[in-house]
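J.: Dropping in protein16.txt, with compact mmCIF, C-alpha atoms.
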# COMPACT_ATOMS: atom_id res chain seq x y z
CA MET A 1 0.00 0.00 0.00
CA ALA A 2 1.38 3.42 -0.95
CA ILE A 3 2.50 5.70 1.86
CA ARG A 4 0.34 8.81 1.68
CA ASP A 5 1.89 12.24 2.00
CA ARG A 6 0.53 14.70 4.53
CA ALA A 7 -1.65 16.58 2.06
CA GLN A 8 -3.33 13.34 0.96
CA ARG A 9 -3.96 12.35 4.55
CA ALA A 10 -5.52 15.71 5.32
CA ARG A 11 -7.84 15.25 2.33
CA ASP A 12 -8.70 11.73 3.50
CA VAL A 13 -9.39 12.98 7.03
CA LEU A 14 -11.76 15.64 5.72
CA GLU A 15 -13.49 13.09 3.53
CA ARG A 16 -14.13 10.90 6.58
CA LEU A 17 -15.30 13.87 8.66
CA GLN A 18 -17.73 14.81 5.92
CA GLY A 19 -18.89 11.31 5.00
CA ASP A 20 -18.69 9.02 8.03
CA VAL A 21 -21.67 8.71 10.38
CA ASP A 22 -20.17 7.23 13.55
CA LEU A 23 -17.07 7.59 15.66
CA TRP A 24 -15.63 6.37 18.96
CA VAL A 25 -15.41 8.83 21.85
CA ALA A 26 -13.04 8.22 24.77
CA THR A 27 -13.45 10.25 27.95
CA VAL A 28 -12.45 9.83 31.59
CA GLN A 29 -14.81 8.86 34.41
CA ASP A 30 -14.97 10.43 37.84
CA ASP A 31 -13.09 7.49 39.37
CA GLY A 32 -10.26 8.02 36.85
CA SER A 33 -11.12 4.99 34.72
CA PRO A 34 -11.47 5.20 30.92
CA TYR A 35 -14.81 5.45 29.16
CA LEU A 36 -15.55 4.74 25.52
CA ILE A 37 -18.70 4.69 23.41
CA PRO A 38 -19.71 4.96 19.77
CA LEU A 39 -21.72 8.04 18.77
CA SER A 40 -23.10 9.33 15.52
CA PHE A 41 -21.79 12.72 14.46
CA VAL A 42 -22.05 15.56 11.98
CA TRP A 43 -19.11 17.71 10.78
CA ASP A 44 -20.02 21.39 10.45
CA GLY A 45 -16.85 22.28 8.54
CA ALA A 46 -14.75 22.93 11.62
CA ARG A 47 -16.27 21.00 14.52
CA ILE A 48 -17.70 17.59 15.31
CA LEU A 49 -21.32 17.77 16.51
CA MET A 50 -22.82 14.98 18.59
CA ALA A 51 -25.93 14.67 20.73
CA THR A 52 -26.21 12.58 23.89
CA PRO A 53 -28.61 12.42 26.83
CA ALA A 54 -27.87 15.18 29.34
CA THR A 55 -27.35 12.57 32.04
CA SER A 56 -25.21 10.17 30.01
CA ILE A 57 -21.82 9.13 31.37
CA THR A 58 -20.06 10.81 28.44
CA THR A 59 -21.87 14.11 29.06
CA ARG A 60 -21.02 14.02 32.75
CA ASN A 61 -17.39 13.16 32.00
CA LEU A 62 -17.08 16.10 29.59
CA LEU A 63 -18.70 18.53 31.99
CA ARG A 64 -16.03 17.60 34.51
CA SER A 65 -13.11 17.47 32.05
CA PRO A 66 -13.73 18.74 28.51
CA ARG A 67 -11.16 16.57 26.71
CA ALA A 68 -12.07 13.72 24.40
CA ARG A 69 -10.03 11.46 22.19
CA VAL A 70 -12.03 10.50 19.13
CA ALA A 71 -11.39 7.80 16.54
CA LEU A 72 -12.93 7.59 13.08
CA GLY A 73 -12.59 4.83 10.56
CA PRO A 74 -11.65 1.17 10.92
CA THR A 75 -8.57 0.07 12.88
CA ARG A 76 -6.50 -0.12 9.69
CA ASP A 77 -7.44 3.34 8.42
CA VAL A 78 -7.23 5.40 11.55
CA VAL A 79 -8.17 9.02 12.10
CA MET A 80 -7.38 9.99 15.70
CA ILE A 81 -8.54 13.31 17.04
CA ASP A 82 -7.81 14.98 20.36
CA ALA A 83 -10.55 17.53 20.92
CA GLU A 84 -11.86 20.07 23.36
CA VAL A 85 -15.57 19.57 23.88
CA ASP A 86 -18.23 22.09 24.85
CA VAL A 87 -21.46 20.71 26.28
CA VAL A 88 -24.33 23.04 25.34
CA GLU A 89 -28.10 23.03 25.48
CA LEU A 90 -29.81 22.35 22.15
CA ASP A 91 -31.86 25.54 22.61
CA SER A 92 -28.79 27.71 22.92
CA GLU A 93 -27.41 26.64 19.51
CA PRO A 94 -30.50 26.34 17.31
CA ASP A 95 -28.57 26.39 14.03
CA LEU A 96 -26.23 23.63 15.12
CA ALA A 97 -29.11 21.64 16.60
CA GLU A 98 -30.93 21.96 13.27
CA LEU A 99 -27.84 20.93 11.31
CA HIS A 100 -27.38 17.93 13.58
CA ALA A 101 -31.03 16.89 13.29
CA SER A 102 -30.99 17.25 9.50
CA ARG A 103 -28.00 14.97 9.04
CA ALA A 104 -27.56 12.69 12.07
CA GLY A 105 -30.53 10.43 11.38
CA PHE A 106 -32.40 11.48 14.50
CA ASP A 107 -33.72 14.70 16.02
CA ALA A 108 -32.35 15.08 19.54
CA ARG A 109 -34.74 18.02 20.12
CA THR A 110 -37.75 15.71 20.11
CA ALA A 111 -36.24 12.81 22.05
CA SER A 112 -38.17 11.55 25.06
CA GLU A 113 -35.28 12.36 27.39
CA ARG A 114 -33.33 15.62 27.43
CA PHE A 115 -30.35 15.69 25.08
CA VAL A 116 -27.41 18.07 24.93
CA LEU A 117 -25.12 18.97 22.07
CA LEU A 118 -21.42 18.06 22.27
CA ILE A 119 -19.34 20.43 20.15
CA ALA A 120 -15.87 18.97 19.70
CA THR A 121 -13.15 21.26 18.35
CA PRO A 122 -10.16 19.29 17.04
CA LEU A 123 -6.82 20.32 18.51
CA ARG A 124 -4.66 17.53 17.14
CA ILE A 125 -5.36 15.04 14.36
CA GLN A 126 -3.35 12.00 13.32
CA ALA A 127 -4.04 9.71 10.37
CA TRP A 128 -2.43 6.41 9.45
CA ARG A 129 -3.20 3.08 7.81
CA THR A 130 -0.09 0.97 8.26
CA PRO A 131 2.94 1.01 10.57
CA GLU A 132 4.87 2.39 7.59
CA GLU A 133 2.58 5.40 7.70
CA LEU A 134 3.34 6.30 11.31
CA PRO A 135 5.80 9.02 10.24
CA TYR A 136 3.89 12.11 9.04
CA ARG A 137 0.77 10.91 10.84
CA LEU A 138 0.26 14.35 12.35
CA VAL A 139 -2.01 16.43 10.12
CA MET A 140 -3.29 18.99 12.66
CA LYS A 141 -1.44 20.50 15.62
CA ASP A 142 -2.67 23.11 18.13
CA GLY A 143 -5.90 23.35 16.15
CA GLU A 144 -4.15 24.22 12.86
CA TRP A 145 -3.90 22.03 9.78
CA LEU A 146 -0.23 21.48 9.03
CA GLU A 147 1.29 22.74 5.82
CA SER A 148 1.02 20.22 3.04
CA SER A 149 4.74 19.52 2.69
CA ARG A 150 6.03 16.13 3.82
CA ALA A 151 8.94 17.70 5.71
CA MET B 1 -33.16 -6.33 12.63
CA ALA B 2 -34.04 -8.99 15.21
CA ILE B 3 -33.26 -8.27 18.84
CA ARG B 4 -30.82 -10.92 20.04
CA ASP B 5 -31.30 -12.62 23.36
CA ARG B 6 -28.47 -12.71 25.87
CA ALA B 7 -27.28 -16.20 24.93
CA GLN B 8 -27.00 -15.20 21.28
CA ARG B 9 -25.05 -12.07 22.18
CA ALA B 10 -22.64 -14.08 24.32
CA ARG B 11 -22.05 -16.40 21.36
CA ASP B 12 -21.53 -13.42 19.05
CA VAL B 13 -19.09 -11.84 21.52
CA LEU B 14 -17.06 -15.05 21.68
CA GLU B 15 -17.05 -15.30 17.91
CA ARG B 16 -15.60 -11.78 17.68
CA LEU B 17 -13.05 -12.49 20.39
CA GLN B 18 -11.94 -15.60 18.53
CA GLY B 19 -12.07 -14.18 15.01
CA ASP B 20 -11.38 -10.44 15.05
CA VAL B 21 -7.81 -9.18 14.74
CA ASP B 22 -8.02 -5.59 16.03
CA LEU B 23 -9.71 -3.67 18.80
CA TRP B 24 -9.75 -0.18 20.33
CA VAL B 25 -8.13 0.32 23.73
CA ALA B 26 -9.02 3.32 25.89
CA THR B 27 -6.82 4.19 28.87
CA VAL B 28 -6.15 7.31 30.95
CA GLN B 29 -3.04 9.47 30.68
CA ASP B 30 -1.03 10.86 33.57
CA ASP B 31 -2.61 14.30 33.10
CA GLY B 32 -6.08 12.74 33.40
CA SER B 33 -6.93 13.02 29.71
CA PRO B 34 -8.27 10.09 27.70
CA TYR B 35 -6.10 7.96 25.45
CA LEU B 36 -7.24 5.63 22.68
CA ILE B 37 -5.44 3.50 20.11
CA PRO B 38 -6.12 0.48 17.91
CA LEU B 39 -4.18 -2.69 18.69
CA SER B 40 -4.15 -6.18 17.27
CA PHE B 41 -5.04 -8.92 19.74
CA VAL B 42 -5.32 -12.64 20.35
CA TRP B 43 -7.96 -14.32 22.57
CA ASP B 44 -6.55 -17.17 24.64
CA GLY B 45 -9.96 -18.48 25.69
CA ALA B 46 -10.30 -16.23 28.74
CA ARG B 47 -8.08 -13.19 28.21
CA ILE B 48 -7.20 -10.66 25.53
CA LEU B 49 -3.48 -10.69 24.68
CA MET B 50 -1.84 -7.64 23.11
CA ALA B 51 1.76 -6.55 22.63
CA THR B 52 2.97 -2.96 22.69
CA PRO B 53 6.33 -1.23 23.08
CA ALA B 54 7.39 -1.09 26.73
CA THR B 55 7.60 2.69 26.51
CA SER B 56 4.31 3.27 24.65
CA ILE B 57 1.76 5.63 26.14
CA THR B 58 -0.73 2.78 26.58
CA THR B 59 1.82 0.67 28.48
CA ARG B 60 2.70 3.57 30.75
CA ASN B 61 -0.97 4.36 31.36
CA LEU B 62 -1.70 0.74 32.32
CA LEU B 63 1.30 0.52 34.64
CA ARG B 64 -0.09 3.52 36.49
CA SER B 65 -3.76 2.45 36.37
CA PRO B 66 -4.53 -1.08 35.16
CA ARG B 67 -8.01 -0.42 33.79
CA ALA B 68 -8.87 -0.38 30.09
CA ARG B 69 -12.11 -0.07 28.19
CA VAL B 70 -11.94 -2.04 25.00
CA ALA B 71 -14.20 -1.99 21.96
CA LEU B 72 -14.46 -4.65 19.27
CA GLY B 73 -16.45 -4.56 16.10
CA PRO B 74 -17.88 -1.69 14.09
CA THR B 75 -19.91 1.09 15.72
CA ARG B 76 -23.19 -0.66 14.81
CA ASP B 77 -22.21 -4.06 16.19
CA VAL B 78 -20.56 -3.11 19.43
CA VAL B 79 -18.74 -5.31 21.91
CA MET B 80 -17.62 -3.20 24.86
CA ILE B 81 -15.31 -4.67 27.46
CA ASP B 82 -14.11 -3.24 30.76
CA ALA B 83 -10.94 -5.09 31.65
CA GLU B 84 -8.18 -5.28 34.21
CA VAL B 85 -4.83 -5.36 32.46
CA ASP B 86 -1.55 -6.88 33.60
CA VAL B 87 1.61 -5.61 31.93
CA VAL B 88 4.18 -8.41 31.82
CA GLU B 89 7.54 -9.10 30.22
CA LEU B 90 7.38 -11.40 27.19
CA ASP B 91 10.06 -13.61 28.80
CA SER B 92 7.97 -14.18 31.91
CA GLU B 93 5.04 -15.63 29.94
CA PRO B 94 6.67 -17.67 27.18
CA ASP B 95 3.55 -19.69 26.32
CA LEU B 96 1.40 -16.58 25.96
CA ALA B 97 4.14 -14.79 24.02
CA GLU B 98 4.33 -17.77 21.67
CA LEU B 99 0.54 -17.87 21.28
CA HIS B 100 0.51 -14.15 20.52
CA ALA B 101 3.34 -14.43 17.99
CA SER B 102 1.71 -17.38 16.25
CA ARG B 103 -1.59 -15.61 15.70
CA ALA B 104 -1.09 -11.81 15.86
CA GLY B 105 0.72 -11.42 12.56
CA PHE B 106 3.97 -10.25 14.14
CA ASP B 107 6.46 -11.57 16.68
CA ALA B 108 6.91 -9.00 19.44
CA ARG B 109 9.86 -11.03 20.79
CA THR B 110 11.99 -10.15 17.78
CA ALA B 111 10.93 -6.51 17.39
CA SER B 112 13.69 -3.91 17.24
CA GLU B 113 12.37 -2.17 20.36
CA ARG B 114 11.39 -3.89 23.58
CA PHE B 115 7.75 -4.99 23.72
CA VAL B 116 5.63 -6.07 26.66
CA LEU B 117 2.55 -8.25 26.82
CA LEU B 118 -0.76 -6.75 27.90
CA ILE B 119 -3.01 -9.40 29.42
CA ALA B 120 -6.55 -8.03 29.67
CA THR B 121 -9.03 -9.96 31.82
CA PRO B 122 -12.64 -8.96 31.03
CA LEU B 123 -14.67 -7.90 34.06
CA ARG B 124 -17.75 -6.59 32.27
CA ILE B 125 -18.92 -7.08 28.70
CA GLN B 126 -21.76 -5.41 26.86
CA ALA B 127 -22.96 -6.16 23.34
CA TRP B 128 -25.46 -4.30 21.19
CA ARG B 129 -26.21 -3.44 17.58
CA THR B 130 -29.16 -1.05 17.70
CA PRO B 131 -30.76 1.20 20.32
CA GLU B 132 -33.49 -1.46 20.58
CA GLU B 133 -30.80 -3.85 21.77
CA LEU B 134 -29.67 -1.68 24.68
CA PRO B 135 -31.70 -3.74 27.17
CA TYR B 136 -29.94 -7.05 27.90
CA ARG B 137 -26.67 -5.60 26.59
CA LEU B 138 -24.82 -6.91 29.63
CA VAL B 139 -23.40 -10.38 28.94
CA MET B 140 -20.63 -10.50 31.57
CA LYS B 141 -20.59 -8.97 35.05
CA ASP B 142 -17.85 -9.14 37.70
CA GLY B 143 -15.87 -11.41 35.39
CA GLU B 144 -18.69 -13.97 35.06
CA TRP B 145 -20.74 -14.71 31.94
CA LEU B 146 -24.38 -14.12 32.79
CA GLU B 147 -26.83 -16.95 32.66
CA SER B 148 -28.38 -17.35 29.26
CA SER B 149 -31.88 -16.36 30.26
CA ARG B 150 -33.23 -13.06 29.01
CA ALA B 151 -34.49 -12.12 32.46
Here is a file; write its structure as structure tokens.
T.:
Amino acid sequence: MAIRDRAQRARDVLERLQGDVDLWVATVQDDGSPYLIPLSFVWDGARILMATPATSITTRNLLRSPRARVALGPTRDVVMIDAEVDVVELDSEPDLAELHASRAGFDARTASERFVLLIATPLRIQAWRTPEELPYRLVMKDGEWLESSRA
Amino acid sequence: MAIRDRAQRARDVLERLQGDVDLWVATVQDDGSPYLIPLSFVWDGARILMATPATSITTRNLLRSPRARVALGPTRDVVMIDAEVDVVELDSEPDLAELHASRAGFDARTASERFVLLIATPLRIQAWRTPEELPYRLVMKDGEWLESSRA
């Protein structure tokens, strides 16, 4: 399999962010143990939007510590994202709530239990398929896409 | 899609443990932030065997706090495992190291950097495909497979 340069990986990451429907979200529980669940998501062009019950473990973890590590794609085509996550009421971000509802396959605003919106801003993104691709896996650092050169 | 009873889910979990080659491992970093990576694994009949570099972030996290949350399968056919993980030298468990090498696709004993064996004992396992399957998702509790009844 060809080793992708950084520009190609950035394009592939964006394609997954725009086209995929689910991801894995890792957070940390109040007893310090790891938590992990799959969630559906919508990419708004800069941020990952997710909706979860207001009382879910992931919501509570993020209210306590707003860092998540997110994985997209299968284990042999990895997109790994460290993100800062804001937990907001659906009412307070009507445009984002509408965008989420229109594309996520369900409308969190009409759910039987109260949902909140998780707005994840990527700070660091890595992408790799094979061990040979581990160099140059960094495509975003400190919230900025890296220049397209391989150096 | 039919809702599987608990016995069927336990069989499906075992099939994944025996047949899948990769999983996601969530741990907690020293600064309290979440960590997540994909790893290949081998099921020895009771435990999940993985090999990672001795200095990897996951190894260091587990030496500090031996809890991992592990996910197998795609996001719409989830097997979620909370496990206690022992970090051991390959030399100290030659039979397990041999089993891992024979089935994991690489021999950690001959890697250029020093690897260790992660031996993950499942304490709690959940399995679900759809939101309708969230009831009865628990198939193992306190390290014991639950009885096959749906109750």
J.: Using only C-alpha atoms, which residues sit within 10 Å of range 111-124 of chain B once same-chain residues fewer than 2 positions away are excluded, as a PyMOL selection string?
T.: chain B and resi 41-44+46-56+58-59+62+66-70+80-93+96-97+100+106-109+126+138-145
J.: Identify, on the basis of all atoms listed in the file, every residue whose closest approach to Ile3 in chain B does not exceed 12 Å; exclude the query and any residue fewer than 4 positions from it along the same chain; express the result as a PyMOL selection string.
T.: chain B and resi 7-9+127-137+150
J.: Write down, as a list in words, each residue of chain B that has any atom within 9 Å of an atom of chain A, counting all atoms listed in the file.
T.: Asp22, Leu23, Trp24, Val25, Ala26, Thr27, Val28, Gly32, Ser33, Pro34, Tyr35, Leu36, Ile37, Pro38, Leu39, Ser40, Ser65, Pro66, Arg67, Ala68, Arg69, Val70, Ala71, Pro74, Thr75, Arg76, Val78, Met80 and Asp82 of chain B
J.: Keeping only C-alpha atoms, write the selected residues as a compact mmCIF listing (two decimals), keeping the file's coordinate frame.
T.:
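Produced file again.txt, reproduced below:
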# COMPACT_ATOMS: atom_id res chain seq x y z
CA ASP B 22 -8.02 -5.59 16.03
CA LEU B 23 -9.71 -3.67 18.80
CA TRP B 24 -9.75 -0.18 20.33
CA VAL B 25 -8.13 0.32 23.73
CA ALA B 26 -9.02 3.32 25.89
CA THR B 27 -6.82 4.19 28.87
CA VAL B 28 -6.15 7.31 30.95
CA GLY B 32 -6.08 12.74 33.40
CA SER B 33 -6.93 13.02 29.71
CA PRO B 34 -8.27 10.09 27.70
CA TYR B 35 -6.10 7.96 25.45
CA LEU B 36 -7.24 5.63 22.68
CA ILE B 37 -5.44 3.50 20.11
CA PRO B 38 -6.12 0.48 17.91
CA LEU B 39 -4.18 -2.69 18.69
CA SER B 40 -4.15 -6.18 17.27
CA SER B 65 -3.76 2.45 36.37
CA PRO B 66 -4.53 -1.08 35.16
CA ARG B 67 -8.01 -0.42 33.79
CA ALA B 68 -8.87 -0.38 30.09
CA ARG B 69 -12.11 -0.07 28.19
CA VAL B 70 -11.94 -2.04 25.00
CA ALA B 71 -14.20 -1.99 21.96
CA PRO B 74 -17.88 -1.69 14.09
CA THR B 75 -19.91 1.09 15.72
CA ARG B 76 -23.19 -0.66 14.81
CA VAL B 78 -20.56 -3.11 19.43
CA MET B 80 -17.62 -3.20 24.86
CA ASP B 82 -14.11 -3.24 30.76
J.: Using all atoms listed in the file, can you tell me which of A:Arg103, A:Val13, A:Asp30, A:Leu146 comes closest to Leu63 in chain A?
T.: A:Asp30
J.: Could you tell me how far CA of Val79 in chain A sits from CA of Ala101 in chain B, in Å to one decimal place?
T.: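 Here the two named atoms are 26.8 Å from each other.
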J.: Go ahead and compute the interatomic distance for CA of Leu99 in chain A and CA of Leu17 in chain A, in Å to one decimal.
T.: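 Going from CA of Leu99 in chain A over to CA of Leu17 in chain A, I get 14.6 Å.
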J.: Provide the CA of Thr110 in chain A to CA of Met1 in chain B distance in Å, to one decimal place.
T.: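 According to the coordinates, CA of Thr110 in chain A and CA of Met1 in chain B are separated by 23.7 Å.
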J.: Report, as JSON, the axis-aligned box around all atoms of range 93-97 of chain A present in the file, extended by 3 Å on each side; give centre and edge lengths in Å to one decimal place.
T.:
{"center_x": -28.4, "center_y": 24.1, "center_z": 16.8, "size_x": 10.3, "size_y": 11.0, "size_z": 11.5}
J.: Can you fill out range 41-65 of chain B with N, CA, C and O atoms and hand it back as a PDB file, keeping the file's coordinate frame?
T.:
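The result, written out as rebuild_6.pdb:
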ATOM      1  N   PHE B  41      -4.922  -8.116  18.520  1.00  0.00           N
ATOM      2  CA  PHE B  41      -5.040  -8.920  19.740  1.00  0.00           C
ATOM      3  C   PHE B  41      -5.261 -10.376  19.398  1.00  0.00           C
ATOM      4  O   PHE B  41      -5.603 -10.735  18.267  1.00  0.00           O
ATOM      5  N   VAL B  42      -5.071 -11.195  20.430  1.00  0.00           N
ATOM      6  CA  VAL B  42      -5.320 -12.640  20.350  1.00  0.00           C
ATOM      7  C   VAL B  42      -6.109 -13.018  21.600  1.00  0.00           C
ATOM      8  O   VAL B  42      -5.771 -12.576  22.698  1.00  0.00           O
ATOM      9  N   TRP B  43      -7.141 -13.829  21.439  1.00  0.00           N
ATOM     10  CA  TRP B  43      -7.960 -14.320  22.570  1.00  0.00           C
ATOM     11  C   TRP B  43      -7.448 -15.694  22.961  1.00  0.00           C
ATOM     12  O   TRP B  43      -7.368 -16.592  22.110  1.00  0.00           O
ATOM     13  N   ASP B  44      -7.106 -15.871  24.237  1.00  0.00           N
ATOM     14  CA  ASP B  44      -6.550 -17.170  24.640  1.00  0.00           C
ATOM     15  C   ASP B  44      -7.614 -18.083  25.244  1.00  0.00           C
ATOM     16  O   ASP B  44      -7.280 -19.126  25.809  1.00  0.00           O
ATOM     17  N   GLY B  45      -8.873 -17.683  25.127  1.00  0.00           N
ATOM     18  CA  GLY B  45      -9.960 -18.480  25.690  1.00  0.00           C
ATOM     19  C   GLY B  45     -10.569 -17.806  26.916  1.00  0.00           C
ATOM     20  O   GLY B  45     -11.724 -18.064  27.267  1.00  0.00           O
ATOM     21  N   ALA B  46      -9.790 -16.938  27.557  1.00  0.00           N
ATOM     22  CA  ALA B  46     -10.300 -16.230  28.740  1.00  0.00           C
ATOM     23  C   ALA B  46      -9.806 -14.792  28.815  1.00  0.00           C
ATOM     24  O   ALA B  46     -10.399 -13.967  29.489  1.00  0.00           O
ATOM     25  N   ARG B  47      -8.710 -14.507  28.105  1.00  0.00           N
ATOM     26  CA  ARG B  47      -8.080 -13.190  28.210  1.00  0.00           C
ATOM     27  C   ARG B  47      -7.700 -12.657  26.839  1.00  0.00           C
ATOM     28  O   ARG B  47      -7.451 -13.426  25.906  1.00  0.00           O
ATOM     29  N   ILE B  48      -7.618 -11.332  26.755  1.00  0.00           N
ATOM     30  CA  ILE B  48      -7.200 -10.660  25.530  1.00  0.00           C
ATOM     31  C   ILE B  48      -5.702 -10.379  25.649  1.00  0.00           C
ATOM     32  O   ILE B  48      -5.265  -9.714  26.590  1.00  0.00           O
ATOM     33  N   LEU B  49      -4.925 -10.897  24.689  1.00  0.00           N
ATOM     34  CA  LEU B  49      -3.480 -10.690  24.680  1.00  0.00           C
ATOM     35  C   LEU B  49      -3.117  -9.647  23.636  1.00  0.00           C
ATOM     36  O   LEU B  49      -3.536  -9.751  22.477  1.00  0.00           O
ATOM     37  N   MET B  50      -2.326  -8.655  24.033  1.00  0.00           N
ATOM     38  CA  MET B  50      -1.840  -7.640  23.110  1.00  0.00           C
ATOM     39  C   MET B  50      -0.368  -7.415  23.395  1.00  0.00           C
ATOM     40  O   MET B  50       0.103  -7.693  24.500  1.00  0.00           O
ATOM     41  N   ALA B  51       0.350  -6.893  22.410  1.00  0.00           N
ATOM     42  CA  ALA B  51       1.760  -6.550  22.630  1.00  0.00           C
ATOM     43  C   ALA B  51       1.974  -5.112  22.190  1.00  0.00           C
ATOM     44  O   ALA B  51       1.499  -4.705  21.127  1.00  0.00           O
ATOM     45  N   THR B  52       2.652  -4.350  23.034  1.00  0.00           N
ATOM     46  CA  THR B  52       2.970  -2.960  22.690  1.00  0.00           C
ATOM     47  C   THR B  52       4.393  -2.659  23.149  1.00  0.00           C
ATOM     48  O   THR B  52       4.912  -3.339  24.037  1.00  0.00           O
ATOM     49  N   PRO B  53       5.018  -1.629  22.581  1.00  0.00           N
ATOM     50  CA  PRO B  53       6.330  -1.230  23.080  1.00  0.00           C
ATOM     51  C   PRO B  53       6.273  -0.918  24.574  1.00  0.00           C
ATOM     52  O   PRO B  53       5.283  -0.360  25.072  1.00  0.00           O
ATOM     53  N   ALA B  54       7.342  -1.281  25.269  1.00  0.00           N
ATOM     54  CA  ALA B  54       7.390  -1.090  26.730  1.00  0.00           C
ATOM     55  C   ALA B  54       7.260   0.378  27.104  1.00  0.00           C
ATOM     56  O   ALA B  54       6.808   0.698  28.202  1.00  0.00           O
ATOM     57  N   THR B  55       7.644   1.262  26.202  1.00  0.00           N
ATOM     58  CA  THR B  55       7.600   2.690  26.510  1.00  0.00           C
ATOM     59  C   THR B  55       6.398   3.390  25.883  1.00  0.00           C
ATOM     60  O   THR B  55       6.320   4.618  25.919  1.00  0.00           O
ATOM     61  N   SER B  56       5.467   2.634  25.303  1.00  0.00           N
ATOM     62  CA  SER B  56       4.310   3.270  24.650  1.00  0.00           C
ATOM     63  C   SER B  56       3.435   3.966  25.694  1.00  0.00           C
ATOM     64  O   SER B  56       3.461   3.638  26.885  1.00  0.00           O
ATOM     65  N   ILE B  57       2.649   4.903  25.224  1.00  0.00           N
ATOM     66  CA  ILE B  57       1.760   5.630  26.140  1.00  0.00           C
ATOM     67  C   ILE B  57       0.777   4.669  26.792  1.00  0.00           C
ATOM     68  O   ILE B  57       0.522   4.732  28.002  1.00  0.00           O
ATOM     69  N   THR B  58       0.226   3.736  26.015  1.00  0.00           N
ATOM     70  CA  THR B  58      -0.730   2.780  26.580  1.00  0.00           C
ATOM     71  C   THR B  58      -0.090   1.930  27.678  1.00  0.00           C
ATOM     72  O   THR B  58      -0.684   1.714  28.738  1.00  0.00           O
ATOM     73  N   THR B  59       1.130   1.458  27.448  1.00  0.00           N
ATOM     74  CA  THR B  59       1.820   0.670  28.480  1.00  0.00           C
ATOM     75  C   THR B  59       2.001   1.495  29.741  1.00  0.00           C
ATOM     76  O   THR B  59       1.699   1.040  30.860  1.00  0.00           O
ATOM     77  N   ARG B  60       2.464   2.727  29.574  1.00  0.00           N
ATOM     78  CA  ARG B  60       2.700   3.570  30.750  1.00  0.00           C
ATOM     79  C   ARG B  60       1.396   3.864  31.481  1.00  0.00           C
ATOM     80  O   ARG B  60       1.344   3.855  32.714  1.00  0.00           O
ATOM     81  N   ASN B  61       0.328   4.113  30.713  1.00  0.00           N
ATOM     82  CA  ASN B  61      -0.970   4.360  31.360  1.00  0.00           C
ATOM     83  C   ASN B  61      -1.403   3.160  32.190  1.00  0.00           C
ATOM     84  O   ASN B  61      -1.904   3.309  33.314  1.00  0.00           O
ATOM     85  N   LEU B  62      -1.225   1.953  31.638  1.00  0.00           N
ATOM     86  CA  LEU B  62      -1.700   0.740  32.320  1.00  0.00           C
ATOM     87  C   LEU B  62      -0.827   0.385  33.527  1.00  0.00           C
ATOM     88  O   LEU B  62      -1.318  -0.205  34.504  1.00  0.00           O
ATOM     89  N   LEU B  63       0.445   0.750  33.477  1.00  0.00           N
ATOM     90  CA  LEU B  63       1.300   0.520  34.640  1.00  0.00           C
ATOM     91  C   LEU B  63       0.860   1.413  35.802  1.00  0.00           C
ATOM     92  O   LEU B  63       0.954   1.033  36.967  1.00  0.00           O
ATOM     93  N   ARG B  64       0.353   2.578  35.454  1.00  0.00           N
ATOM     94  CA  ARG B  64      -0.090   3.520  36.490  1.00  0.00           C
ATOM     95  C   ARG B  64      -1.490   3.170  36.983  1.00  0.00           C
ATOM     96  O   ARG B  64      -1.811   3.285  38.162  1.00  0.00           O
ATOM     97  N   SER B  65      -2.361   2.746  36.039  1.00  0.00           N
ATOM     98  CA  SER B  65      -3.760   2.450  36.370  1.00  0.00           C
ATOM     99  C   SER B  65      -4.217   1.324  35.454  1.00  0.00           C
ATOM    100  O   SER B  65      -4.388   1.526  34.255  1.00  0.00           O
TER     101      SER B  65
END
